[in-house]
Amino acid sequence: MSAHATTAKRVTLAALAAKKDAGEPIVMVTAYDHPGAQIVEAAGVDVVLVGDSAAMTVLGYESTVPVTIDEMLMLTRAVRRGLTRPLLVGDLPFGSYEASDELAIATAQRFVKEAGCDLVKIERGGTTVDRARALVQAGIPVVGHVGLTPQTATALGGYRAQGRTADAALAVIDDAVALQEAGCSMLVVEAIPSEVTEVLVSRLDIPVIGIGAGADADGQVLVFHDLLGLYDGERPSS
C-alpha cells in the first residue's frame, strides 16, 4: 500500500456530495478479499462495494441469489482489514432484508458491527423503500439500487436493460426519488438508458452511481474481476 493511500484523509459522505456538486466523478469499485482491498485502496478509489456479485465472481454460484449472510460477512471483514481511506459498502444478500423492517435492521447491524461497513446496499424500490427508511431511522446509512437488480433478475426477464419504455423509465425515476426521500445517501443505477440517468442526476441531491447506465452519472462502479478481465461468466447487458 502506498504512503499516500495510508495518509490521505478518509472519504466521507459530505466529500461525495461535494464531488457531485462540483461535477467531479466519484469512483466506486468492488472488492471481495484482503488483497483486492489493498489494490483498490492504493488506487485511490472513493468507495468500495463488497457486492453480492461475489457469489458469481468469487464463490462460483450461477447467480447472486444463493450467497448467504455469513459468506458476505466473511468477505466484507477481509475487505475491511485492507481499507483505510475509502467508504465501505456492504451488499445485503437476497432474503436477508425483504421480509420486515426488523429483519433488515438486524441484518444491517451485523454488517456494521461485525464487518465495519460504513453503509449497506439494498435493491429495488417498492417495499424496499420502507426498509431503507427503517434502516436510516436506525442510524444505518443506506445505498439504494434501481434499474436492473440482479437479485430479482429472473422477474425482470433476465440480465436485461431496464427503463426502456416511457412507463418503465418513469417507474425507475419514481423508485429513485422515493429512495432519496426515505433517506438513502447514495443510489446505484444499473442497465438503464443514459437519458434516464441524466434525469436522475439532475433531480436527485444524492450521488447517482452508474453501472451500464451511460456517462452522465455522478460516478461509476466497476466489478473488480471485470476490470481486470478475470471473469468470463454472464454479465448484465448495458
# chains A, B, ... in the order shown; residues from 1 in each chain; ligands from 1
>>> residues_around(residues="Thr165 in chain A", least_positions_apart="3", cutoff="12 Å", atoms="only C-alpha atoms", output="list in words")
Ala161, Gln162, Ala168, Ala169, Leu170, Ala171, Val172, Ile192, Pro193, Glu195 and Val196 of chain A
>>> select_by_dssp(residues="range 187-219 of chain A", states="helix (DSSP H, G or I)", output="number ranges by chain")
A: 194-203
>>> write_last_selection(atoms="C-alpha atoms", output="PDB file, in the first residue's frame")
ATOM      1  CA  SER A 194     -28.383   7.217 -20.347  1.00  0.00           C
ATOM      2  CA  GLU A 195     -31.295   9.627 -20.815  1.00  0.00           C
ATOM      3  CA  VAL A 196     -32.925   8.262 -17.661  1.00  0.00           C
ATOM      4  CA  THR A 197     -29.638   8.527 -15.776  1.00  0.00           C
ATOM      5  CA  GLU A 198     -29.322  12.150 -16.876  1.00  0.00           C
ATOM      6  CA  VAL A 199     -32.780  12.894 -15.463  1.00  0.00           C
ATOM      7  CA  LEU A 200     -31.925  11.222 -12.166  1.00  0.00           C
ATOM      8  CA  VAL A 201     -28.655  13.110 -11.783  1.00  0.00           C
ATOM      9  CA  SER A 202     -30.479  16.411 -12.250  1.00  0.00           C
ATOM     10  CA  ARG A 203     -33.415  15.528  -9.980  1.00  0.00           C
TER      11      ARG A 203
END
>>> residues_around(residues="range 114-125 of chain A", least_positions_apart="5", cutoff="7 Å", atoms="only C-alpha atoms", output="PDB file with C-alpha atoms, in the first residue's frame")
ATOM      1  CA  LEU A  73     -19.772 -11.092   6.173  1.00  0.00           C
ATOM      2  CA  THR A  76     -16.602  -7.994   3.905  1.00  0.00           C
ATOM      3  CA  ARG A  77     -14.456  -8.407   7.017  1.00  0.00           C
ATOM      4  CA  ARG A  80     -12.382  -4.008   5.785  1.00  0.00           C
ATOM      5  CA  LEU A  87     -16.048   4.298   2.283  1.00  0.00           C
ATOM      6  CA  LEU A  88     -17.033   0.641   2.622  1.00  0.00           C
ATOM      7  CA  VAL A  89     -20.452  -0.512   1.407  1.00  0.00           C
ATOM      8  CA  GLY A  90     -21.786  -3.980   2.211  1.00  0.00           C
ATOM      9  CA  ASP A  91     -24.384  -5.602  -0.043  1.00  0.00           C
ATOM     10  CA  LEU A  92     -27.217  -7.205   1.911  1.00  0.00           C
ATOM     11  CA  ALA A 108     -27.615  -4.423   8.544  1.00  0.00           C
ATOM     12  CA  ILE A 140     -27.533   2.981   9.339  1.00  0.00           C
ATOM     13  CA  PRO A 141     -26.619   4.822   6.097  1.00  0.00           C
ATOM     14  CA  VAL A 142     -28.112   3.178   3.005  1.00  0.00           C
ATOM     15  CA  VAL A 143     -27.278   2.911  -0.691  1.00  0.00           C
ATOM     16  CA  GLY A 144     -30.289   2.247  -2.912  1.00  0.00           C
ATOM     17  CA  HIS A 145     -30.173   0.302  -6.191  1.00  0.00           C
ATOM     18  CA  VAL A 146     -32.659   0.626  -9.072  1.00  0.00           C
ATOM     19  CA  THR A 149     -31.470  -5.509  -9.802  1.00  0.00           C
ATOM     20  CA  ASP A 175     -38.341   4.422  -7.217  1.00  0.00           C
ATOM     21  CA  LEU A 179     -35.410   6.024  -2.032  1.00  0.00           C
TER      22      LEU A 179
END
>>> atom_distance(atom1="CA of Gly212 in chain A", atom2="CA of Val79 in chain A")
24.5 Å
>>> atom_distance(atom1="CA of Leu75 in chain A", atom2="CA of Asp33 in chain A")
5.8 Å
>>> residues_around(residues="Glu190 in chain A", least_positions_apart="6", cutoff="7 Å", atoms="only C-alpha atoms", output="short mmCIF file (atom, residue, chain, number, x, y, z; two decimals) with C-alpha atoms, in the first residue's frame")
data_model
loop_
_atom_site.label_atom_id
_atom_site.label_comp_id
_atom_site.auth_asym_id
_atom_site.auth_seq_id
_atom_site.Cartn_x
_atom_site.Cartn_y
_atom_site.Cartn_z
CA VAL A 146 -32.66 0.63 -9.07
CA GLY A 147 -32.89 -0.42 -12.71
CA LEU A 148 -31.56 -3.91 -13.25
CA GLY A 210 -23.97 4.13 -12.70
CA ILE A 211 -23.17 0.66 -13.96
CA GLY A 212 -24.02 0.21 -17.61
CA ALA A 213 -26.13 3.36 -17.37
#
>>> closest_residue(among="A:Gly183, A:Val27, A:Gln38, A:Val188", to="Gly82 in chain A", atoms="only C-alpha atoms")
A:Gln38
>>> closest_residue(among="A:Ala182, A:Ala8, A:Ala42, A:Val48", to="Met28 in chain A", atoms="only C-alpha atoms")
A:Val48
>>> atom_distance(atom1="CA of Val112 in chain A", atom2="CA of Leu204 in chain A")
26.0 Å
>>> select_by_dssp(residues="range 45-184 of chain A", states="strand (DSSP E or B)", output="PyMOL selection string")
chain A and resi 47-50+87-91+119-121+142-147
>>> closest_residue(among="A:His225, A:Ala78, A:Ala176, A:Thr128", to="Ala54 in chain A", atoms="only C-alpha atoms")
A:His225
>>> decode(residues="range 75-91 of chain A", atoms="C-alpha atoms", output="JSON list (two decimals), in the first residue's frame")
[["chain", "number", "residue", "atom", "x", "y", "z"],
["A", 75, "LEU", "CA", -15.71, -11.43, 2.56],
["A", 76, "THR", "CA", -16.60, -7.99, 3.90],
["A", 77, "ARG", "CA", -14.46, -8.41, 7.02],
["A", 78, "ALA", "CA", -11.49, -9.33, 4.82],
["A", 79, "VAL", "CA", -12.01, -6.21, 2.71],
["A", 80, "ARG", "CA", -12.38, -4.01, 5.79],
["A", 81, "ARG", "CA", -8.96, -5.12, 7.00],
["A", 82, "GLY", "CA", -7.42, -3.91, 3.75],
["A", 83, "LEU", "CA", -9.00, -0.44, 3.68],
["A", 84, "THR", "CA", -8.20, 2.87, 5.32],
["A", 85, "ARG", "CA", -9.42, 5.72, 3.11],
["A", 86, "PRO", "CA", -12.49, 4.68, 1.05],
["A", 87, "LEU", "CA", -16.05, 4.30, 2.28],
["A", 88, "LEU", "CA", -17.03, 0.64, 2.62],
["A", 89, "VAL", "CA", -20.45, -0.51, 1.41],
["A", 90, "GLY", "CA", -21.79, -3.98, 2.21],
["A", 91, "ASP", "CA", -24.38, -5.60, -0.04]]
